[in-house]
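Here's the structure, in structure tokens; my notes come after.
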Amino acid sequence: MVAALEQYLENEHQLTLSDDAVTVIPLEGEGKVEERISKLYHQLVSNLEWLEAISSADVILWGTHSQGTPVSVMLLHQLLQRGHVHLHRQSICLLAMAGIGHGPFPSLQGSLIYFEADAARELFEFMDSNSAISLKFRESLECILNRGIKMVLVGSLQDQVVPLYSAILTGISHPNIYRAVYIDKHIYTNDDFLINLVVFALRLRNAGIPDHGLFIHISEVLAGSIYALEGGHSTIYEEIDVYQLAVQYLFDTPTLTPSPTLTASSPPPPSGHQLPEKAQMDPFKAKLRLNPYYLPWTLRGLFEDPLINKIDWASSELGRLHELFLAWAPTSARLREFKFRLEPLKEHIFAR
């Protein structure tokens, strides 16, 4: 994170930070979510240098991964409640990489072996938004978003543990959330239909437009190594561009705007379509097995949405997706099956 900050300031503003301008606070602790929060809070308040750095900072950049996402959100909420952070004069951005906000893949329940069995089992409680730990997490999440803290949620395209819908918190909406996907360089191609579909749906969510449930149904297709054996859940935090995204989002966008992620290449949505400035917390419950017939209907809803078709960049991208689908020749059995499921839509929806 420090390297990303230094690189941003040097490239964008020709500024060089002094050695004492940044305080790095590496919080570590194992256990269940609330156990970790207690340990990390004790670590922080026991170190006067760290506590003073948190309280006096102009900017707080917070990075977290996997189970650390609910831990970080709830810990940040606790710091806010106890007066250790001061949002009237501080800018804060929390980067969550492969966060487990809606739980792991349901199919993994009972099949994962961890040394910390209780902590691993607890992760599956996040699959239900009405579980005790989920309710506490969502309460903290709602509070920090409504108070103006920004969040960058980055999922991995081929994560073996965390579904994309979980990493990007598909059940939560707020203009201070920016969603993105990490794709290992060796599997990325700019003409891959599935990759472009995922990026398109993320752009819609970042513009405040619903994805018609696409991420829930497509995450099952993306599970694990669909393109390559290596990469995924544990490579996302090794890429400096992921941290750069959080730094840029904090400094280059305003707080509490309807569409904070839009750029010149992504025109704003039509007047009147705006995300609420209060977090929208939709109920969520992951299913062990999804009905495979829902995906074509979900995609149909996306392609026929009148709002999406009224937006120039979105309508143009739908046309491009049609061309990519026709030319798409996936090699893995799972992706061939995915294309087969979408074949009935080829002429009706994809014909634009």
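We name chains A, B, ... following the order of the structure tokens; residues begin at 1 in each chain, and ligands are numbered from 1 as shown.
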Would you tabulate, counting only C-alpha atoms, all residues of region 141-202 of chain A that have an atom at most 8 Å from an atom of region 281-286 of chain A, showing the closest pair of atoms and their distance in Å to one decimal, sorted by chain then ascending number, as CSV?
residue,atom,partner,partner_atom,distance
A:Glu142,CA,A:Met281,CA,7.7
A:Gly171,CA,A:Asp282,CA,5.1
A:Ile172,CA,A:Met281,CA,4.9
A:Ser173,CA,A:Met281,CA,6.7
Item checked: Per-residue DSSP, region 56-183 of chain A, filtered to helix (DSSP H, G or I), as a PyMOL selection string -> chain A and resi 56+68-81+106-108+117-127+132-146+164-167
Those residues with C-alpha atoms, as an mmCIF file, in the first residue's frame please?
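Below you can see part-v5.cif, which holds the result:
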data_model
loop_
_atom_site.group_PDB
_atom_site.id
_atom_site.type_symbol
_atom_site.label_atom_id
_atom_site.label_comp_id
_atom_site.auth_asym_id
_atom_site.auth_seq_id
_atom_site.Cartn_x
_atom_site.Cartn_y
_atom_site.Cartn_z
ATOM 1 C CA SER A 56 -3.760 12.488 13.832
ATOM 2 C CA GLY A 68 -9.971 -9.796 7.257
ATOM 3 C CA THR A 69 -12.768 -7.916 5.478
ATOM 4 C CA PRO A 70 -15.497 -8.326 8.126
ATOM 5 C CA VAL A 71 -12.805 -8.029 10.818
ATOM 6 C CA SER A 72 -11.561 -4.727 9.355
ATOM 7 C CA VAL A 73 -15.032 -3.273 8.825
ATOM 8 C CA MET A 74 -16.077 -4.039 12.400
ATOM 9 C CA LEU A 75 -12.754 -2.871 13.847
ATOM 10 C CA LEU A 76 -12.929 0.393 11.906
ATOM 11 C CA HIS A 77 -16.477 0.886 13.173
ATOM 12 C CA GLN A 78 -15.221 0.336 16.724
ATOM 13 C CA LEU A 79 -12.450 2.910 16.258
ATOM 14 C CA LEU A 80 -15.013 5.346 14.936
ATOM 15 C CA GLN A 81 -17.377 4.753 17.853
ATOM 16 C CA PRO A 106 -21.312 -22.971 -0.378
ATOM 17 C CA SER A 107 -19.972 -26.154 -1.982
ATOM 18 C CA LEU A 108 -16.870 -25.918 0.217
ATOM 19 C CA ALA A 117 -11.725 -25.228 12.482
ATOM 20 C CA ASP A 118 -13.997 -22.839 14.406
ATOM 21 C CA ALA A 119 -12.750 -19.797 12.483
ATOM 22 C CA ALA A 120 -13.206 -21.624 9.179
ATOM 23 C CA ARG A 121 -16.708 -22.795 10.048
ATOM 24 C CA GLU A 122 -17.729 -19.287 11.046
ATOM 25 C CA LEU A 123 -17.029 -18.020 7.530
ATOM 26 C CA PHE A 124 -20.014 -19.967 6.232
ATOM 27 C CA GLU A 125 -22.293 -18.013 8.574
ATOM 28 C CA PHE A 126 -21.735 -15.005 6.304
ATOM 29 C CA MET A 127 -23.714 -16.827 3.602
ATOM 30 C CA ALA A 132 -25.675 -13.263 14.207
ATOM 31 C CA ILE A 133 -22.209 -12.433 12.885
ATOM 32 C CA SER A 134 -23.599 -11.189 9.539
ATOM 33 C CA LEU A 135 -25.968 -8.821 11.303
ATOM 34 C CA LYS A 136 -23.080 -7.324 13.279
ATOM 35 C CA PHE A 137 -20.952 -7.046 10.145
ATOM 36 C CA ARG A 138 -23.738 -5.384 8.159
ATOM 37 C CA GLU A 139 -24.463 -2.947 10.978
ATOM 38 C CA SER A 140 -20.817 -1.852 11.003
ATOM 39 C CA LEU A 141 -20.697 -1.745 7.209
ATOM 40 C CA GLU A 142 -23.794 0.436 7.021
ATOM 41 C CA CYS A 143 -22.386 2.813 9.616
ATOM 42 C CA ILE A 144 -18.973 3.367 8.030
ATOM 43 C CA LEU A 145 -20.446 3.825 4.546
ATOM 44 C CA ASN A 146 -23.072 6.266 5.732
ATOM 45 C CA LEU A 164 -17.101 -12.981 -6.946
ATOM 46 C CA TYR A 165 -20.536 -11.999 -5.609
ATOM 47 C CA SER A 166 -19.126 -12.280 -2.084
ATOM 48 C CA ALA A 167 -15.943 -10.315 -2.780
#
Checklist line | Residue contacts of Leu95 (chain A) (8 Å, only C-alpha atoms) excluding same-chain residues fewer than 4 positions away, as a list in words | finding: Leu61, Trp62, Gly63, Thr64, Met151, Val152, Leu153, Val154, Tyr243 and Ala246 of chain A
Would you save the residues of that selection, restricted to N, CA, C and O atoms, as a compact mmCIF listing (two decimals), in the first residue's frame?
# COMPACT_ATOMS: atom_id res chain seq x y z
N LEU A 61 -5.37 4.71 4.76
CA LEU A 61 -5.55 3.69 3.73
C LEU A 61 -5.45 2.34 4.42
O LEU A 61 -4.43 2.01 5.03
N TRP A 62 -6.51 1.55 4.31
CA TRP A 62 -6.63 0.31 5.08
C TRP A 62 -6.76 -0.85 4.10
O TRP A 62 -7.69 -0.90 3.31
N GLY A 63 -5.84 -1.78 4.15
CA GLY A 63 -5.88 -2.94 3.26
C GLY A 63 -6.20 -4.21 4.02
O GLY A 63 -5.71 -4.42 5.14
N THR A 64 -7.03 -5.07 3.42
CA THR A 64 -7.42 -6.30 4.08
C THR A 64 -7.72 -7.37 3.05
O THR A 64 -7.98 -7.08 1.88
N MET A 151 -14.98 2.47 0.20
CA MET A 151 -14.56 1.07 0.12
C MET A 151 -14.27 0.69 -1.32
O MET A 151 -15.05 1.03 -2.22
N VAL A 152 -13.17 0.00 -1.53
CA VAL A 152 -12.85 -0.58 -2.83
C VAL A 152 -12.89 -2.10 -2.64
O VAL A 152 -12.14 -2.66 -1.84
N LEU A 153 -13.79 -2.75 -3.37
CA LEU A 153 -13.99 -4.19 -3.26
C LEU A 153 -13.47 -4.86 -4.52
O LEU A 153 -14.02 -4.65 -5.61
N VAL A 154 -12.43 -5.64 -4.38
CA VAL A 154 -11.80 -6.29 -5.54
C VAL A 154 -11.89 -7.81 -5.38
O VAL A 154 -11.38 -8.36 -4.40
N TYR A 243 -3.67 -2.03 -5.16
CA TYR A 243 -3.53 -0.98 -4.14
C TYR A 243 -3.62 0.41 -4.79
O TYR A 243 -4.18 1.34 -4.20
N ALA A 246 -7.17 1.66 -5.00
CA ALA A 246 -7.70 2.24 -3.76
C ALA A 246 -7.18 3.65 -3.54
O ALA A 246 -7.94 4.55 -3.14
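If only C-alpha atoms are the atoms counted, then among A:Tyr293, A:Phe251, A:Tyr237, A:Phe325 the closest residue to Asn196 (chain A) is A:Phe325.
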Next item on the list: Please identify all polymer residues within 12 Å of Leu290 (chain A), counting only C-alpha atoms, omitting same-chain residues fewer than 6 positions from it, and present them as a list in words.
Entry: Phe105, Pro106, Ser107, Gly213, Ile216, His217, Ile218, Ser219, Glu220 and Val221 of chain A
Selection to disk with N, CA, C and O atoms, as a PDB file, in the first residue's frame:
ATOM      1  N   PHE A 105     -17.602 -20.157  -1.155  1.00  0.00           N
ATOM      2  CA  PHE A 105     -18.473 -20.975  -2.007  1.00  0.00           C
ATOM      3  C   PHE A 105     -19.222 -21.971  -1.129  1.00  0.00           C
ATOM      4  O   PHE A 105     -18.609 -22.704  -0.350  1.00  0.00           O
ATOM      5  N   PRO A 106     -20.552 -22.035  -1.211  1.00  0.00           N
ATOM      6  CA  PRO A 106     -21.312 -22.971  -0.378  1.00  0.00           C
ATOM      7  C   PRO A 106     -20.875 -24.424  -0.539  1.00  0.00           C
ATOM      8  O   PRO A 106     -20.953 -25.210   0.399  1.00  0.00           O
ATOM      9  N   SER A 107     -20.389 -24.775  -1.722  1.00  0.00           N
ATOM     10  CA  SER A 107     -19.972 -26.154  -1.982  1.00  0.00           C
ATOM     11  C   SER A 107     -18.771 -26.581  -1.148  1.00  0.00           C
ATOM     12  O   SER A 107     -18.492 -27.775  -1.011  1.00  0.00           O
ATOM     13  N   GLY A 213     -28.828  -9.693 -10.894  1.00  0.00           N
ATOM     14  CA  GLY A 213     -28.421 -10.931 -10.250  1.00  0.00           C
ATOM     15  C   GLY A 213     -27.358 -11.704 -11.002  1.00  0.00           C
ATOM     16  O   GLY A 213     -27.063 -12.858 -10.670  1.00  0.00           O
ATOM     17  N   ILE A 216     -24.398 -13.305  -8.949  1.00  0.00           N
ATOM     18  CA  ILE A 216     -24.736 -14.491  -8.156  1.00  0.00           C
ATOM     19  C   ILE A 216     -24.654 -15.736  -9.019  1.00  0.00           C
ATOM     20  O   ILE A 216     -24.105 -16.767  -8.610  1.00  0.00           O
ATOM     21  N   HIS A 217     -25.181 -15.644 -10.229  1.00  0.00           N
ATOM     22  CA  HIS A 217     -25.263 -16.830 -11.078  1.00  0.00           C
ATOM     23  C   HIS A 217     -23.990 -17.097 -11.868  1.00  0.00           C
ATOM     24  O   HIS A 217     -23.711 -18.244 -12.233  1.00  0.00           O
ATOM     25  N   ILE A 218     -23.199 -16.059 -12.120  1.00  0.00           N
ATOM     26  CA  ILE A 218     -21.980 -16.271 -12.898  1.00  0.00           C
ATOM     27  C   ILE A 218     -20.811 -16.679 -12.006  1.00  0.00           C
ATOM     28  O   ILE A 218     -19.823 -17.251 -12.487  1.00  0.00           O
ATOM     29  N   SER A 219     -20.902 -16.413 -10.704  1.00  0.00           N
ATOM     30  CA  SER A 219     -19.800 -16.747  -9.794  1.00  0.00           C
ATOM     31  C   SER A 219     -19.531 -18.241  -9.768  1.00  0.00           C
ATOM     32  O   SER A 219     -18.393 -18.683  -9.624  1.00  0.00           O
ATOM     33  N   GLU A 220     -20.592 -19.032  -9.901  1.00  0.00           N
ATOM     34  CA  GLU A 220     -20.434 -20.486  -9.909  1.00  0.00           C
ATOM     35  C   GLU A 220     -19.611 -20.934 -11.114  1.00  0.00           C
ATOM     36  O   GLU A 220     -18.805 -21.853 -11.037  1.00  0.00           O
ATOM     37  N   VAL A 221     -19.804 -20.250 -12.242  1.00  0.00           N
ATOM     38  CA  VAL A 221     -19.046 -20.558 -13.457  1.00  0.00           C
ATOM     39  C   VAL A 221     -17.576 -20.202 -13.279  1.00  0.00           C
ATOM     40  O   VAL A 221     -16.674 -20.895 -13.771  1.00  0.00           O
TER      41      VAL A 221
END
Which residues come within 10 Å of Glu343 (chain A), counting only C-alpha atoms, excluding same-chain residues fewer than 6 positions away, as a PDB file with N, CA and C atoms, in the first residue's frame?
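Output below, filename part17.pdb:
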ATOM      1  N   PRO A 296     -29.547 -17.720 -18.151  1.00  0.00           N
ATOM      2  CA  PRO A 296     -29.994 -17.093 -19.412  1.00  0.00           C
ATOM      3  C   PRO A 296     -31.037 -16.005 -19.190  1.00  0.00           C
ATOM      4  N   PHE A 325     -19.386 -12.803 -28.205  1.00  0.00           N
ATOM      5  CA  PHE A 325     -20.039 -14.090 -27.958  1.00  0.00           C
ATOM      6  C   PHE A 325     -20.013 -14.967 -29.212  1.00  0.00           C
ATOM      7  N   LEU A 326     -20.301 -14.384 -30.343  1.00  0.00           N
ATOM      8  CA  LEU A 326     -20.301 -15.144 -31.601  1.00  0.00           C
ATOM      9  C   LEU A 326     -18.922 -15.711 -31.919  1.00  0.00           C
ATOM     10  N   GLU A 337     -19.813 -25.459 -21.507  1.00  0.00           N
ATOM     11  CA  GLU A 337     -21.155 -25.658 -20.964  1.00  0.00           C
ATOM     12  C   GLU A 337     -21.849 -24.316 -20.738  1.00  0.00           C
ATOM     13  N   PHE A 350     -28.644 -11.441 -28.300  1.00  0.00           N
ATOM     14  CA  PHE A 350     -27.340 -11.020 -28.767  1.00  0.00           C
ATOM     15  C   PHE A 350     -27.377 -10.443 -30.181  1.00  0.00           C
TER      16      PHE A 350
END
Next item on the list: Return as a VMD selection string the full set of residues in region 140-250 of chain A whose backbone-based DSSP assignment is strand (DSSP E or B).
Entry: chain A and resid 150 to 156 172 to 173 177 to 182
Note to self: Give me, as an MDAnalysis selection string, all polymer residues having an atom no more than 10 Å from Tyr249 (chain A), counting only C-alpha atoms and skipping those fewer than 4 positions away in the same chain.
What the structure shows: chainID A and resid 93 150:152 176:178 243:245 253:255 260:261
Item checked: Å distance separating CA of Lys339 (chain A) from CA of Pro292 (chain A), one decimal place -> 12.1 Å
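Note that CA of Phe338 (chain A) and CA of Asn291 (chain A) are 13.1 Å apart.
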Item checked: Which residue of A:Gln160, A:Asn206, A:Ser234, A:Gln248 approaches Glu6 (chain A) most closely, using only C-alpha atoms -> A:Gln248
Which residues are close to Ala21 (chain A), i.e. within 12 Å by only C-alpha atoms, leaving aside same-chain residues fewer than 6 positions away? Reply as a compact mmCIF listing (two decimals) with N, CA and C atoms, in the first residue's frame.
# COMPACT_ATOMS: atom_id res chain seq x y z
N VAL A 2 1.97 1.23 0.77
CA VAL A 2 2.86 2.39 0.83
C VAL A 2 3.47 2.66 -0.54
N LEU A 5 0.92 4.29 -2.77
CA LEU A 5 0.72 5.70 -2.41
C LEU A 5 1.87 6.56 -2.93
N GLU A 6 3.10 6.10 -2.71
CA GLU A 6 4.27 6.87 -3.15
C GLU A 6 4.27 7.01 -4.67
N LEU A 15 5.11 14.70 -6.05
CA LEU A 15 5.41 14.82 -4.62
C LEU A 15 6.17 13.61 -4.13
N ALA A 53 -0.91 7.93 15.56
CA ALA A 53 -0.85 8.01 14.10
C ALA A 53 -2.25 7.90 13.50
N SER A 56 -4.24 11.23 14.41
CA SER A 56 -3.76 12.49 13.83
C SER A 56 -3.62 12.46 12.31
N ALA A 57 -3.80 11.31 11.70
CA ALA A 57 -3.58 11.18 10.26
C ALA A 57 -4.55 12.05 9.45
N ASP A 58 -4.08 12.54 8.33
CA ASP A 58 -4.96 13.21 7.37
C ASP A 58 -5.68 12.18 6.51
N VAL A 59 -4.97 11.09 6.23
CA VAL A 59 -5.49 10.04 5.34
C VAL A 59 -5.22 8.68 5.97
N ILE A 60 -6.21 7.79 5.90
CA ILE A 60 -6.02 6.41 6.36
C ILE A 60 -6.35 5.49 5.20
